[in-house]
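Presented below is the structure to which this report refers.
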Amino acid sequence: MKLVIAIVNNDDSAVVASALTKENFIVTKLSTTGGFLMVGNTTFLIGTEDKDVDRVKQIISKYSKTRTHQASTTESFGRGLSEGALAQDVSVGGATVFVLSVDSMDKY
């Protein structure tokens, strides 16, 4: 058995959860914050059989999109502003997926 931990951008979380549950995966959804932008994410916990891990990863990959976001920069703190120092484009979204082996699982 495996535990899939997937950190997904909030903008994609509803469609990822829907696609996973549509294929009968049981999903636990946690609201999380992370990254240097400190934006909201959703962390999914998905317990599944070893043979189904690739399908879970395919679904997450299909519905997790990378997008460009304009972020403020801190490079000008204490030095004044230079041209173009107010914002920069950064890539956000997509998903980070961890797969862990599970020694046992009990449901009470």
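Scheme for the structure tokens: letters A, B, ... for chains in order shown; per-chain residue numbers from 1; ligand numbers from 1 in order shown.
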Shell of 12 Å around Asp52 (chain A), only C-alpha atoms, local chain residues under 3 positions omitted, as a PDB file with N, CA and C atoms, in the first residue's frame:
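Dumped to around-v7.pdb:
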```
ATOM      1  N   MET A   1       0.854  -1.178   0.000  1.00  0.00           N
ATOM      2  CA  MET A   1       0.000   0.000   0.000  1.00  0.00           C
ATOM      3  C   MET A   1       0.892   1.229   0.000  1.00  0.00           C
ATOM      4  N   LYS A   2       0.409   2.306  -0.601  1.00  0.00           N
ATOM      5  CA  LYS A   2       1.132   3.568  -0.695  1.00  0.00           C
ATOM      6  C   LYS A   2       0.278   4.712  -0.181  1.00  0.00           C
ATOM      7  N   LEU A   3       0.974   5.755   0.294  1.00  0.00           N
ATOM      8  CA  LEU A   3       0.331   7.009   0.633  1.00  0.00           C
ATOM      9  C   LEU A   3       0.869   8.050  -0.329  1.00  0.00           C
ATOM     10  N   VAL A   4      -0.012   8.634  -1.112  1.00  0.00           N
ATOM     11  CA  VAL A   4       0.360   9.691  -2.041  1.00  0.00           C
ATOM     12  C   VAL A   4       0.021  11.014  -1.381  1.00  0.00           C
ATOM     13  N   LEU A  20     -10.280  12.674  -8.876  1.00  0.00           N
ATOM     14  CA  LEU A  20      -9.842  11.531  -8.072  1.00  0.00           C
ATOM     15  C   LEU A  20     -11.028  10.767  -7.486  1.00  0.00           C
ATOM     16  N   GLU A  23     -12.979   8.557  -9.833  1.00  0.00           N
ATOM     17  CA  GLU A  23     -12.363   7.251 -10.106  1.00  0.00           C
ATOM     18  C   GLU A  23     -12.230   6.417  -8.835  1.00  0.00           C
ATOM     19  N   ASN A  24     -13.036   6.759  -7.822  1.00  0.00           N
ATOM     20  CA  ASN A  24     -13.168   5.994  -6.579  1.00  0.00           C
ATOM     21  C   ASN A  24     -11.939   5.983  -5.676  1.00  0.00           C
ATOM     22  N   PHE A  25     -11.088   7.003  -5.790  1.00  0.00           N
ATOM     23  CA  PHE A  25      -9.999   7.145  -4.832  1.00  0.00           C
ATOM     24  C   PHE A  25     -10.532   7.921  -3.633  1.00  0.00           C
ATOM     25  N   ILE A  46      -3.792  10.557  -0.152  1.00  0.00           N
ATOM     26  CA  ILE A  46      -4.514   9.514  -0.888  1.00  0.00           C
ATOM     27  C   ILE A  46      -3.861   8.171  -0.585  1.00  0.00           C
ATOM     28  N   GLY A  47      -4.574   7.315   0.097  1.00  0.00           N
ATOM     29  CA  GLY A  47      -4.098   5.960   0.338  1.00  0.00           C
ATOM     30  C   GLY A  47      -4.563   5.077  -0.802  1.00  0.00           C
ATOM     31  N   THR A  48      -3.638   4.310  -1.390  1.00  0.00           N
ATOM     32  CA  THR A  48      -4.014   3.487  -2.532  1.00  0.00           C
ATOM     33  C   THR A  48      -3.106   2.264  -2.644  1.00  0.00           C
ATOM     34  N   GLU A  49      -3.548   1.324  -3.409  1.00  0.00           N
ATOM     35  CA  GLU A  49      -2.739   0.134  -3.674  1.00  0.00           C
ATOM     36  C   GLU A  49      -1.579   0.509  -4.601  1.00  0.00           C
ATOM     37  N   ARG A  55      -1.912   5.785 -11.811  1.00  0.00           N
ATOM     38  CA  ARG A  55      -3.185   6.407 -12.208  1.00  0.00           C
ATOM     39  C   ARG A  55      -3.455   7.662 -11.377  1.00  0.00           C
ATOM     40  N   VAL A  56      -3.188   7.604 -10.079  1.00  0.00           N
ATOM     41  CA  VAL A  56      -3.354   8.786  -9.229  1.00  0.00           C
ATOM     42  C   VAL A  56      -2.467   9.919  -9.733  1.00  0.00           C
ATOM     43  N   LYS A  57      -1.215   9.610 -10.037  1.00  0.00           N
ATOM     44  CA  LYS A  57      -0.279  10.629 -10.517  1.00  0.00           C
ATOM     45  C   LYS A  57      -0.707  11.202 -11.878  1.00  0.00           C
ATOM     46  N   GLN A  58      -1.247  10.360 -12.731  1.00  0.00           N
ATOM     47  CA  GLN A  58      -1.743  10.835 -14.034  1.00  0.00           C
ATOM     48  C   GLN A  58      -2.873  11.843 -13.854  1.00  0.00           C
ATOM     49  N   ILE A  59      -3.800  11.534 -12.978  1.00  0.00           N
ATOM     50  CA  ILE A  59      -4.936  12.428 -12.729  1.00  0.00           C
ATOM     51  C   ILE A  59      -4.456  13.765 -12.177  1.00  0.00           C
ATOM     52  N   VAL A  99       5.333   9.931  -2.836  1.00  0.00           N
ATOM     53  CA  VAL A  99       4.745   8.601  -2.685  1.00  0.00           C
ATOM     54  C   VAL A  99       5.530   7.877  -1.595  1.00  0.00           C
TER      55      VAL A  99
END
```
For this session: Record the distance separating CA of Lys29 (chain A) and CA of Lys62 (chain A), expressed in Å with one decimal.
Result: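 Going from CA of Lys29 (chain A) over to CA of Lys62 (chain A), I get 18.2 Å.
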Excluding Val8 (chain A) and residues on its chain fewer than 6 positions from it, collect all residues at most 12 Å away from it, counting only C-alpha atoms, and give them as an mmCIF file with N, CA and C atoms, in the first residue's frame.
```
data_model
loop_
_atom_site.group_PDB
_atom_site.id
_atom_site.type_symbol
_atom_site.label_atom_id
_atom_site.label_comp_id
_atom_site.auth_asym_id
_atom_site.auth_seq_id
_atom_site.Cartn_x
_atom_site.Cartn_y
_atom_site.Cartn_z
ATOM 1 N N ALA A 14 -10.128 21.861 -6.607
ATOM 2 C CA ALA A 14 -11.494 21.325 -6.748
ATOM 3 C C ALA A 14 -11.584 20.315 -7.894
ATOM 4 N N VAL A 15 -10.977 20.637 -9.019
ATOM 5 C CA VAL A 15 -11.062 19.735 -10.164
ATOM 6 C C VAL A 15 -10.212 18.480 -9.931
ATOM 7 N N VAL A 16 -9.069 18.615 -9.243
ATOM 8 C CA VAL A 16 -8.254 17.437 -8.917
ATOM 9 C C VAL A 16 -9.034 16.519 -7.976
ATOM 10 N N ALA A 17 -9.628 17.072 -6.931
ATOM 11 C CA ALA A 17 -10.411 16.267 -5.982
ATOM 12 C C ALA A 17 -11.571 15.579 -6.678
ATOM 13 N N LYS A 29 -8.414 16.053 2.192
ATOM 14 C CA LYS A 29 -7.982 17.360 1.693
ATOM 15 C C LYS A 29 -7.614 18.252 2.874
ATOM 16 N N LEU A 30 -6.406 18.823 2.839
ATOM 17 C CA LEU A 30 -5.933 19.730 3.877
ATOM 18 C C LEU A 30 -5.604 21.084 3.263
ATOM 19 N N SER A 31 -5.995 22.162 3.914
ATOM 20 C CA SER A 31 -5.625 23.499 3.459
ATOM 21 C C SER A 31 -4.237 23.811 4.003
ATOM 22 N N THR A 32 -3.322 24.197 3.103
ATOM 23 C CA THR A 32 -1.947 24.482 3.502
ATOM 24 C C THR A 32 -1.461 25.762 2.831
ATOM 25 N N THR A 33 -0.385 26.312 3.366
ATOM 26 C CA THR A 33 0.241 27.495 2.785
ATOM 27 C C THR A 33 1.722 27.202 2.668
ATOM 28 N N GLY A 34 2.300 27.614 1.564
ATOM 29 C CA GLY A 34 3.725 27.346 1.427
ATOM 30 C C GLY A 34 4.345 28.075 0.271
ATOM 31 N N GLY A 35 5.614 27.871 0.113
ATOM 32 C CA GLY A 35 6.356 28.512 -0.950
ATOM 33 C C GLY A 35 6.712 29.936 -0.598
ATOM 34 N N VAL A 39 1.238 31.560 -0.782
ATOM 35 C CA VAL A 39 -0.128 31.447 -1.302
ATOM 36 C C VAL A 39 -0.738 30.137 -0.830
ATOM 37 N N GLY A 40 -2.042 30.072 -0.884
ATOM 38 C CA GLY A 40 -2.747 28.888 -0.443
ATOM 39 C C GLY A 40 -2.552 27.704 -1.368
ATOM 40 N N ASN A 41 -2.399 26.556 -0.765
ATOM 41 C CA ASN A 41 -2.313 25.295 -1.482
ATOM 42 C C ASN A 41 -3.305 24.336 -0.856
ATOM 43 N N THR A 42 -3.501 23.237 -1.518
ATOM 44 C CA THR A 42 -4.264 22.141 -0.949
ATOM 45 C C THR A 42 -3.357 20.924 -0.955
ATOM 46 N N THR A 43 -3.277 20.257 0.176
ATOM 47 C CA THR A 43 -2.503 19.026 0.254
ATOM 48 C C THR A 43 -3.484 17.869 0.328
ATOM 49 N N PHE A 44 -3.338 16.953 -0.609
ATOM 50 C CA PHE A 44 -4.187 15.773 -0.664
ATOM 51 C C PHE A 44 -3.431 14.591 -0.089
ATOM 52 N N LEU A 45 -4.116 13.793 0.734
ATOM 53 C CA LEU A 45 -3.599 12.523 1.227
ATOM 54 C C LEU A 45 -4.442 11.430 0.586
ATOM 55 N N LYS A 57 -1.215 9.610 -10.037
ATOM 56 C CA LYS A 57 -0.279 10.629 -10.517
ATOM 57 C C LYS A 57 -0.707 11.202 -11.878
ATOM 58 N N ILE A 59 -3.800 11.534 -12.978
ATOM 59 C CA ILE A 59 -4.936 12.428 -12.729
ATOM 60 C C ILE A 59 -4.456 13.765 -12.177
ATOM 61 N N ILE A 60 -3.580 13.711 -11.196
ATOM 62 C CA ILE A 60 -3.064 14.944 -10.597
ATOM 63 C C ILE A 60 -2.335 15.771 -11.646
ATOM 64 N N SER A 61 -1.519 15.129 -12.443
ATOM 65 C CA SER A 61 -0.768 15.832 -13.489
ATOM 66 C C SER A 61 -1.693 16.459 -14.533
ATOM 67 N N LYS A 62 -2.733 15.754 -14.895
ATOM 68 C CA LYS A 62 -3.655 16.238 -15.925
ATOM 69 C C LYS A 62 -4.381 17.506 -15.493
ATOM 70 N N TYR A 63 -4.732 17.607 -14.223
ATOM 71 C CA TYR A 63 -5.565 18.717 -13.772
ATOM 72 C C TYR A 63 -4.823 19.780 -12.959
ATOM 73 N N SER A 64 -3.509 19.669 -12.839
ATOM 74 C CA SER A 64 -2.710 20.672 -12.116
ATOM 75 C C SER A 64 -1.918 21.482 -13.130
ATOM 76 N N LYS A 65 -2.299 22.718 -13.314
ATOM 77 C CA LYS A 65 -1.699 23.563 -14.336
ATOM 78 C C LYS A 65 -0.670 24.523 -13.758
ATOM 79 N N THR A 66 0.425 24.709 -14.481
ATOM 80 C CA THR A 66 1.412 25.721 -14.117
ATOM 81 C C THR A 66 0.995 27.016 -14.786
ATOM 82 N N VAL A 92 3.960 29.442 -10.995
ATOM 83 C CA VAL A 92 3.257 28.869 -9.848
ATOM 84 C C VAL A 92 2.329 27.767 -10.330
ATOM 85 N N GLY A 93 1.836 27.015 -9.404
ATOM 86 C CA GLY A 93 0.874 25.971 -9.749
ATOM 87 C C GLY A 93 1.564 24.646 -9.983
ATOM 88 N N GLY A 94 0.921 23.812 -10.763
ATOM 89 C CA GLY A 94 1.428 22.470 -10.925
ATOM 90 C C GLY A 94 1.168 21.683 -9.651
ATOM 91 N N ALA A 95 1.928 20.652 -9.440
ATOM 92 C CA ALA A 95 1.757 19.836 -8.245
ATOM 93 C C ALA A 95 3.101 19.248 -7.834
ATOM 94 N N THR A 96 3.260 19.064 -6.550
ATOM 95 C CA THR A 96 4.400 18.330 -6.002
ATOM 96 C C THR A 96 3.820 17.072 -5.379
ATOM 97 N N VAL A 97 4.342 15.924 -5.784
ATOM 98 C CA VAL A 97 3.764 14.650 -5.365
ATOM 99 C C VAL A 97 4.830 13.783 -4.694
ATOM 100 N N PHE A 98 4.502 13.284 -3.516
ATOM 101 C CA PHE A 98 5.347 12.350 -2.781
ATOM 102 C C PHE A 98 4.609 11.022 -2.698
#
```
Exercise. Any idea what the distance is between CA of Ile7 (chain A) and CA of Asp103 (chain A)?
Worked result: 22.4 Å
Problem set entry | Separation of CA of Asp54 (chain A) from CA of Asp12 (chain A), in Å and rounded to one decimal |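 CA of Asp12 (chain A) lies at a distance of 19.3 Å from CA of Asp54 (chain A).
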